[in-house]
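*Asks:* Have a peek at query.pdb (PDB, C-alpha atoms, pLDDT in the B column).
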ATOM      1  CA  MET A  30       0.000   0.000   0.000  1.00 92.00           C
ATOM      2  CA  PRO A  31       1.417   3.417  -0.905  1.00 95.00           C
ATOM      3  CA  LEU A  32       2.445   5.775   1.887  1.00 96.00           C
ATOM      4  CA  HIS A  33      -0.099   8.423   0.871  1.00 96.00           C
ATOM      5  CA  ASP A  34      -2.914   5.869   1.281  1.00 96.00           C
ATOM      6  CA  LEU A  35      -1.671   4.981   4.767  1.00 97.00           C
ATOM      7  CA  ALA A  36      -1.548   8.685   5.629  1.00 97.00           C
ATOM      8  CA  GLY A  37      -5.133   9.140   4.449  1.00 97.00           C
ATOM      9  CA  ILE A  38      -6.319   6.159   6.467  1.00 97.00           C
ATOM     10  CA  LEU A  39      -4.515   7.350   9.603  1.00 98.00           C
ATOM     11  CA  GLY A  40      -5.907  10.860   9.112  1.00 98.00           C
ATOM     12  CA  SER A  41      -9.436   9.504   8.789  1.00 98.00           C
ATOM     13  CA  ILE A  42      -8.990   7.425  11.940  1.00 98.00           C
ATOM     14  CA  LEU A  43      -7.777  10.502  13.846  1.00 98.00           C
ATOM     15  CA  ILE A  44     -10.716  12.632  12.727  1.00 97.00           C
ATOM     16  CA  VAL A  45     -13.419  10.033  13.299  1.00 98.00           C
ATOM     17  CA  GLY A  46     -11.787   8.668  16.458  1.00 98.00           C
ATOM     18  CA  SER A  47     -11.526  12.082  18.079  1.00 97.00           C
ATOM     19  CA  TYR A  48     -15.147  12.798  17.156  1.00 96.00           C
ATOM     20  CA  LEU A  49     -16.184   9.511  18.749  1.00 97.00           C
ATOM     21  CA  LEU A  50     -14.229  10.362  21.909  1.00 97.00           C
ATOM     22  CA  LEU A  51     -15.989  13.728  22.007  1.00 95.00           C
ATOM     23  CA  GLN A  52     -19.411  12.114  21.658  1.00 96.00           C
ATOM     24  CA  ILE A  53     -18.788   9.587  24.437  1.00 97.00           C
ATOM     25  CA  GLU A  54     -17.387  12.410  26.591  1.00 95.00           C
ATOM     26  CA  ARG A  55     -13.809  11.149  26.791  1.00 97.00           C
ATOM     27  CA  LEU A  56     -12.679  14.426  25.179  1.00 95.00           C
ATOM     28  CA  ARG A  57     -13.977  17.959  25.491  1.00 93.00           C
ATOM     29  CA  VAL A  58     -13.831  20.648  22.833  1.00 89.00           C
ATOM     30  CA  ASN A  59     -11.713  22.846  25.118  1.00 90.00           C
ATOM     31  CA  GLN A  60      -8.998  20.197  25.501  1.00 94.00           C
ATOM     32  CA  LEU A  61      -5.889  20.552  23.370  1.00 94.00           C
ATOM     33  CA  ALA A  62      -6.166  16.958  22.100  1.00 95.00           C
ATOM     34  CA  TRP A  63      -9.408  17.690  20.205  1.00 94.00           C
ATOM     35  CA  PRO A  64      -8.146  20.308  17.695  1.00 95.00           C
ATOM     36  CA  LEU A  65      -4.716  18.652  17.502  1.00 96.00           C
ATOM     37  CA  ALA A  66      -6.181  15.289  16.473  1.00 97.00           C
ATOM     38  CA  ASN A  67      -8.538  16.938  13.992  1.00 96.00           C
ATOM     39  CA  GLY A  68      -5.860  19.195  12.514  1.00 97.00           C
ATOM     40  CA  LEU A  69      -3.329  16.388  12.178  1.00 98.00           C
ATOM     41  CA  GLY A  70      -5.982  14.123  10.696  1.00 98.00           C
ATOM     42  CA  ALA A  71      -7.026  16.752   8.153  1.00 97.00           C
ATOM     43  CA  GLY A  72      -3.390  17.398   7.253  1.00 97.00           C
ATOM     44  CA  LEU A  73      -2.780  13.701   6.643  1.00 98.00           C
ATOM     45  CA  VAL A  74      -5.875  13.383   4.476  1.00 98.00           C
ATOM     46  CA  LEU A  75      -4.811  16.490   2.511  1.00 97.00           C
ATOM     47  CA  TRP A  76      -1.391  14.935   1.976  1.00 97.00           C
ATOM     48  CA  SER A  77      -3.009  11.774   0.648  1.00 97.00           C
ATOM     49  CA  LEU A  78      -5.047  13.889  -1.762  1.00 97.00           C
ATOM     50  CA  LEU A  79      -1.854  15.159  -3.391  1.00 95.00           C
ATOM     51  CA  ALA A  80      -1.433  11.713  -4.936  1.00 95.00           C
ATOM     52  CA  ASP A  81      -5.086  11.073  -5.812  1.00 92.00           C
ATOM     53  CA  PHE A  82      -6.871  14.442  -5.958  1.00 96.00           C
ATOM     54  CA  ASN A  83     -10.567  14.851  -5.223  1.00 96.00           C
ATOM     55  CA  LEU A  84     -11.836  18.437  -5.128  1.00 97.00           C
ATOM     56  CA  GLY A  85     -14.751  17.790  -2.772  1.00 97.00           C
ATOM     57  CA  ALA A  86     -12.565  16.000  -0.226  1.00 96.00           C
ATOM     58  CA  PHE A  87      -9.876  18.682  -0.596  1.00 97.00           C
ATOM     59  CA  ILE A  88     -12.340  21.488   0.190  1.00 97.00           C
ATOM     60  CA  LEU A  89     -13.771  19.578   3.157  1.00 96.00           C
ATOM     61  CA  GLU A  90     -10.328  18.893   4.637  1.00 96.00           C
ATOM     62  CA  CYS A  91      -9.196  22.513   4.122  1.00 97.00           C
ATOM     63  CA  PHE A  92     -12.181  23.712   6.153  1.00 97.00           C
ATOM     64  CA  TRP A  93     -11.632  20.969   8.741  1.00 95.00           C
ATOM     65  CA  LEU A  94      -8.003  22.056   9.124  1.00 96.00           C
ATOM     66  CA  LEU A  95      -8.948  25.751   9.333  1.00 97.00           C
ATOM     67  CA  ILE A  96     -11.579  25.090  11.997  1.00 96.00           C
ATOM     68  CA  SER A  97      -9.067  22.992  13.962  1.00 95.00           C
ATOM     69  CA  VAL A  98      -6.497  25.800  13.830  1.00 96.00           C
ATOM     70  CA  ILE A  99      -9.113  28.282  15.080  1.00 96.00           C
ATOM     71  CA  GLY A 100     -10.017  25.953  17.956  1.00 93.00           C
ATOM     72  CA  LEU A 101      -6.353  25.392  18.806  1.00 94.00           C
ATOM     73  CA  ALA A 102      -5.681  29.139  18.808  1.00 95.00           C
ATOM     74  CA  ARG A 103      -8.649  29.777  21.123  1.00 93.00           C
ATOM     75  CA  ILE A 104      -7.458  27.120  23.573  1.00 93.00           C
ATOM     76  CA  VAL A 105      -3.865  28.403  23.581  1.00 93.00           C
ATOM     77  CA  ARG A 106      -5.018  32.021  24.015  1.00 93.00           C
ATOM     78  CA  GLY A 107      -7.244  31.021  26.908  1.00 88.00           C
ATOM     79  CA  ARG A 108      -4.366  29.512  28.905  1.00 74.00           C
TER      80      ARG A 108
END
Spell out the structure here as structure tokens.
*Replies:*
Amino acid sequence: MPLHDLAGILGSILIVGSYLLLQIERLRVNQLAWPLANGLGAGLVLWSLLADFNLGAFILECFWLLISVIGLARIVRGR
């Protein structure tokens, strides 16, 4: 399996896994782990899209990354 596919799979696991942890209240939106996992996951999926581009997925992951950066900045500023 190519490295970019592994990156995309890992990124998807990070995004969905962190969302699951949020829903079962193992994470909170004001914890640093939440935007870090989402941002890293989105970055990995974006990297995978460099090899096999899909515009819809690219736009979604760009917004996901931007929202994660905003959340990370709010948490860091609040400390």
*Asks:* How far is it from atom CA of Gly85 of chain A to atom CA of Leu43 of chain A, in Å with one decimal?
*Replies:* 19.4 Å
*Asks:* Calculated over only C-alpha atoms, which of the candidates A:Gly68, A:Gly100, A:Gly37, A:Pro31 has the smallest distance to Ala86 of chain A?
*Replies:* A:Gly37
*Asks:* Nearest to Leu65 of chain A among A:Leu101, A:Leu89, A:Met30, A:Leu84, with distances taken over all atoms listed in the file: which residue is it?
*Replies:*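 For Leu65 of chain A, the nearest of the given residues is A:Leu101.
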*Asks:* List the residues selected by the PyMOL selection byres ((chain A and resi 55-58) around 12) in the file shown, writing them as JSON, numbers by chain.
*Replies:* {"A": [46, 47, 48, 49, 50, 51, 52, 53, 54, 59, 60, 61, 62, 63, 64, 65, 66, 67, 96, 97, 99, 100, 101, 103, 104]}
*Asks:* Check the smallest atom-to-atom distance from each of A:Ile42, A:Leu35, A:Ile88, A:Ala102 to Gly70 of chain A using all atoms listed in the file, then report the winner.
*Replies:*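 Closest candidate: A:Ile42.
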*Asks:* Box time for segment 48-54 of chain A: axis-aligned, enclosing all its listed atoms, 5 Å extra on each side; report centre and edge lengths in Å to one decimal, as JSON.
*Replies:*
{"center_x": -16.8, "center_y": 11.6, "center_z": 21.9, "size_x": 15.2, "size_y": 14.2, "size_z": 19.4}
*Asks:* Find the distance between atom CA of Phe87 of chain A and atom CA of Leu73 of chain A and write it in Å to one decimal.
*Replies:* 11.3 Å
*Asks:* Just checking: using only C-alpha atoms, which residue out of A:Gly40, A:His33, A:Arg108, A:Leu95 ends up closest to Ala71 of chain A?
*Replies:*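 Closest to Ala71 of chain A, using only C-alpha atoms: A:Gly40.
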*Asks:* Atom CA of Leu79 of chain A to atom CA of Val45 of chain A: how many Å, to one decimal?
*Replies:*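 So the two atoms, atom CA of Leu79 of chain A and atom CA of Val45 of chain A, lie 20.9 Å apart.
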*Asks:* Check the smallest atom-to-atom distance from each of A:Cys91, A:Ile38, A:Leu32, A:Val105 to Gly72 of chain A using all atoms listed in the file, then report the winner.
*Replies:*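 For Gly72 of chain A, the nearest of the candidates is A:Cys91.
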*Asks:* Using all atoms listed in the file, determine which residues lie at most 9 Å from Asp34 of chain A, disregarding the query and same-chain residues fewer than 4 positions distant; provide the list as a list in words.
*Replies:* Met30, Ile38, Leu39, Val74, Ser77, Leu78 and Ala80 of chain A
*Asks:* Between A:Phe82, A:Trp76, A:Val98, A:Glu90, which has the minimum distance to Ile44 of chain A (counting all atoms listed in the file)?
*Replies:*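 With all atoms listed in the file as the atom set, the closest residue is A:Glu90.
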